[in-house]
>>> print(open('entry_36.txt').read())   # compact mmCIF, N, CA and C atoms and all ligand atoms
# COMPACT_ATOMS: atom_id res chain seq x y z
N MET A 159 1.08 10.84 -13.94
CA MET A 159 0.24 10.64 -12.76
C MET A 159 1.08 10.87 -11.49
N GLU A 160 0.51 11.52 -10.54
CA GLU A 160 1.26 11.81 -9.32
C GLU A 160 1.38 10.57 -8.44
N HIS A 161 2.46 10.56 -7.68
CA HIS A 161 2.76 9.42 -6.83
C HIS A 161 1.58 9.08 -5.92
N LYS A 162 1.01 10.11 -5.34
CA LYS A 162 -0.09 9.93 -4.38
C LYS A 162 -1.27 9.22 -5.05
N GLN A 163 -1.56 9.64 -6.26
CA GLN A 163 -2.69 9.06 -6.97
C GLN A 163 -2.43 7.60 -7.29
N LYS A 164 -1.17 7.28 -7.61
CA LYS A 164 -0.82 5.89 -7.85
C LYS A 164 -1.11 5.06 -6.61
N GLY A 165 -0.80 5.63 -5.45
CA GLY A 165 -1.06 4.92 -4.21
C GLY A 165 -2.54 4.64 -4.05
N TYR A 166 -3.35 5.62 -4.33
CA TYR A 166 -4.79 5.43 -4.23
C TYR A 166 -5.28 4.39 -5.23
N LEU A 167 -4.70 4.43 -6.41
CA LEU A 167 -5.09 3.47 -7.44
C LEU A 167 -4.75 2.06 -6.99
N ALA A 168 -3.55 1.91 -6.43
CA ALA A 168 -3.15 0.59 -5.94
C ALA A 168 -4.12 0.13 -4.86
N GLN A 169 -4.50 1.06 -3.97
CA GLN A 169 -5.42 0.70 -2.90
C GLN A 169 -6.76 0.28 -3.45
N ALA A 170 -7.23 0.99 -4.48
CA ALA A 170 -8.51 0.65 -5.08
C ALA A 170 -8.44 -0.74 -5.71
N LEU A 171 -7.32 -1.01 -6.38
CA LEU A 171 -7.15 -2.32 -7.01
C LEU A 171 -7.15 -3.44 -5.98
N PHE A 172 -6.41 -3.22 -4.90
CA PHE A 172 -6.34 -4.26 -3.88
C PHE A 172 -7.67 -4.41 -3.17
N PHE A 173 -8.39 -3.33 -3.05
CA PHE A 173 -9.71 -3.42 -2.42
C PHE A 173 -10.63 -4.28 -3.27
N CYS A 174 -10.58 -4.07 -4.58
CA CYS A 174 -11.39 -4.88 -5.49
C CYS A 174 -10.99 -6.35 -5.42
N ALA A 175 -9.68 -6.58 -5.35
CA ALA A 175 -9.17 -7.95 -5.44
C ALA A 175 -9.32 -8.71 -4.13
N THR A 176 -9.17 -8.00 -3.02
CA THR A 176 -9.10 -8.71 -1.74
C THR A 176 -10.13 -8.24 -0.73
N GLY A 177 -10.69 -7.04 -0.95
CA GLY A 177 -11.58 -6.48 0.05
C GLY A 177 -10.83 -5.85 1.19
N GLU A 178 -9.49 -5.93 1.14
CA GLU A 178 -8.66 -5.34 2.19
C GLU A 178 -7.60 -4.44 1.57
N PRO A 179 -7.88 -3.13 1.52
CA PRO A 179 -6.95 -2.22 0.84
C PRO A 179 -5.74 -1.85 1.67
N PHE A 180 -5.71 -2.25 2.94
CA PHE A 180 -4.62 -1.80 3.79
C PHE A 180 -3.77 -2.97 4.26
N CYS A 181 -2.57 -2.62 4.74
CA CYS A 181 -1.61 -3.62 5.17
C CYS A 181 -1.04 -3.23 6.53
N ASP A 182 -0.66 -4.24 7.30
CA ASP A 182 -0.10 -3.99 8.62
C ASP A 182 1.41 -3.80 8.58
N ASN A 183 2.01 -4.11 7.47
CA ASN A 183 3.46 -3.98 7.32
C ASN A 183 3.83 -2.53 7.02
N ARG A 184 4.59 -1.91 7.92
CA ARG A 184 4.84 -0.48 7.75
C ARG A 184 5.79 -0.20 6.60
N ASN A 185 6.41 -1.22 6.05
CA ASN A 185 7.26 -1.03 4.88
C ASN A 185 6.48 -1.17 3.58
N CYS A 186 5.22 -1.52 3.72
CA CYS A 186 4.39 -1.75 2.54
C CYS A 186 3.72 -0.46 2.10
N ARG A 187 3.56 -0.32 0.81
CA ARG A 187 2.92 0.87 0.26
C ARG A 187 1.48 0.99 0.75
N LEU A 188 0.88 -0.12 1.08
CA LEU A 188 -0.52 -0.12 1.52
C LEU A 188 -0.66 -0.07 3.03
N PHE A 189 0.45 0.25 3.71
CA PHE A 189 0.44 0.32 5.17
C PHE A 189 -0.68 1.24 5.65
N ASN A 190 -1.46 0.72 6.58
CA ASN A 190 -2.58 1.49 7.12
C ASN A 190 -2.12 2.28 8.34
N ALA A 191 -1.80 3.54 8.12
CA ALA A 191 -1.30 4.38 9.20
C ALA A 191 -2.44 4.85 10.08
N HIS A 192 -2.35 4.51 11.36
CA HIS A 192 -3.42 4.87 12.28
C HIS A 192 -3.19 6.24 12.92
N ARG A 193 -1.92 6.60 13.04
CA ARG A 193 -1.60 7.88 13.65
C ARG A 193 -0.86 8.75 12.65
N GLN A 194 -0.92 10.06 12.91
CA GLN A 194 -0.29 10.98 11.97
C GLN A 194 1.21 10.71 11.86
N GLU A 195 1.79 10.34 12.98
CA GLU A 195 3.23 10.04 13.00
C GLU A 195 3.56 8.88 12.06
N GLU A 196 2.72 7.84 12.12
CA GLU A 196 2.92 6.69 11.25
C GLU A 196 2.67 7.05 9.79
N MET A 197 1.71 7.93 9.58
CA MET A 197 1.38 8.38 8.24
C MET A 197 2.60 9.05 7.61
N LEU A 198 3.26 9.91 8.40
CA LEU A 198 4.45 10.61 7.90
C LEU A 198 5.56 9.61 7.62
N LEU A 199 5.75 8.67 8.53
CA LEU A 199 6.77 7.64 8.33
C LEU A 199 6.49 6.84 7.07
N ALA A 200 5.22 6.50 6.88
CA ALA A 200 4.85 5.71 5.72
C ALA A 200 5.15 6.47 4.44
N GLN A 201 4.90 7.78 4.47
CA GLN A 201 5.15 8.59 3.28
C GLN A 201 6.65 8.74 3.03
N LEU A 202 7.42 8.80 4.13
CA LEU A 202 8.86 8.97 3.99
C LEU A 202 9.54 7.68 3.55
N HIS A 203 9.12 6.57 4.17
CA HIS A 203 9.85 5.32 3.97
C HIS A 203 9.05 4.29 3.17
N GLY A 204 7.76 4.50 3.07
CA GLY A 204 6.93 3.52 2.39
C GLY A 204 7.33 3.39 0.93
N GLY A 205 7.57 4.52 0.29
CA GLY A 205 8.06 4.50 -1.07
C GLY A 205 7.16 3.73 -2.01
N ASP A 206 7.80 3.03 -2.91
CA ASP A 206 7.06 2.31 -3.95
C ASP A 206 6.99 0.83 -3.68
N ASP A 207 7.44 0.43 -2.51
CA ASP A 207 7.56 -1.00 -2.27
C ASP A 207 6.31 -1.59 -1.62
N PHE A 208 6.01 -2.79 -2.02
CA PHE A 208 5.00 -3.58 -1.34
C PHE A 208 5.71 -4.58 -0.43
N CYS A 209 4.98 -5.08 0.53
CA CYS A 209 5.49 -6.21 1.29
C CYS A 209 5.45 -7.44 0.37
N GLU A 210 6.03 -8.52 0.84
CA GLU A 210 6.13 -9.71 0.01
C GLU A 210 4.75 -10.18 -0.47
N TYR A 211 3.81 -10.14 0.44
CA TYR A 211 2.45 -10.59 0.15
C TYR A 211 1.80 -9.76 -0.95
N HIS A 212 1.86 -8.43 -0.80
CA HIS A 212 1.22 -7.56 -1.78
C HIS A 212 2.01 -7.48 -3.07
N GLU A 213 3.33 -7.66 -2.96
CA GLU A 213 4.16 -7.72 -4.15
C GLU A 213 3.67 -8.83 -5.07
N ARG A 214 3.47 -9.98 -4.48
CA ARG A 214 3.00 -11.12 -5.25
C ARG A 214 1.61 -10.86 -5.82
N MET A 215 0.76 -10.26 -4.99
CA MET A 215 -0.60 -9.99 -5.43
C MET A 215 -0.62 -8.95 -6.55
N ALA A 216 0.26 -7.95 -6.43
CA ALA A 216 0.35 -6.92 -7.46
C ALA A 216 0.75 -7.54 -8.79
N ALA A 217 1.67 -8.48 -8.74
CA ALA A 217 2.11 -9.16 -9.95
C ALA A 217 0.94 -9.92 -10.57
N ARG A 218 0.14 -10.56 -9.72
CA ARG A 218 -1.01 -11.30 -10.22
C ARG A 218 -2.02 -10.36 -10.87
N ILE A 219 -2.29 -9.24 -10.19
CA ILE A 219 -3.28 -8.28 -10.70
C ILE A 219 -2.83 -7.71 -12.03
N SER A 220 -1.55 -7.32 -12.10
CA SER A 220 -1.08 -6.62 -13.30
C SER A 220 -0.97 -7.56 -14.49
N THR A 221 -0.88 -8.87 -14.23
CA THR A 221 -0.83 -9.79 -15.34
C THR A 221 -2.21 -10.38 -15.65
N GLY A 222 -3.19 -9.95 -14.87
CA GLY A 222 -4.55 -10.35 -15.12
C GLY A 222 -4.85 -11.76 -14.66
N GLY A 223 -3.92 -12.38 -13.93
CA GLY A 223 -4.14 -13.76 -13.50
C GLY A 223 -4.78 -13.76 -12.14
ZN ZN B 1 1.37 -5.21 2.20
>>> encode(input="entry_36.txt", output="C-alpha cells", more="lines below")
Ligand SMILES: [Zn+2]
Amino acid sequence: MEHKQKGYLAQALFFCATGEPFCDNRNCRLFNAHRQEEMLLAQLHGGDDFCEYHERMAARISTGG
C-alpha cells in the first residue's frame, strides 16, 4: 500500500472514531494543511508520526479498545 493511501486510511479511521480527521499539530500525520506551503511541509516533515494525542488514539483503534 502506498504511503499516501495509508494517510487517507488513517484519516478515515480517525474520522470514524472522533469525527475529526484533522489535527492542528504540524508534526502530526493528520495535520490539516490550509495552504499549499503547509501541505508541502507536512509531506516533507509529517512523515509517519502522530502527535501525542493521535498516537494514543491510534493505539486504541488498532487494539480495538
Ligand atoms: Zn494529531
>>> residues_near_ligand(input="entry_36.txt", ligand="ligand ZN 1 (chain B)", cutoff="7 Å", atoms="only C-alpha atoms and all ligand atoms", output="ChimeraX atom specification")
/A:181-183,186-189,208-212
>>> axis_aligned_box(input="entry_36.txt", around="stretch 177-184 of chain A", padding_each_side="3 Å", output="JSON")
{"center_x": -2.9, "center_y": -3.6, "center_z": 3.8, "size_x": 23.4, "size_y": 12.8, "size_z": 15.6}
>>> atom_distance(input="entry_36.txt", atom1="atom N of A:Arg218", atom2="atom CA of A:Leu198")
27.9 Å
>>> closest_residue(input="entry_36.txt", among="A:Tyr166, A:Pro179, A:Phe172, A:Asn190", to="A:Met215", atoms="only N, CA and C atoms")
A:Phe172
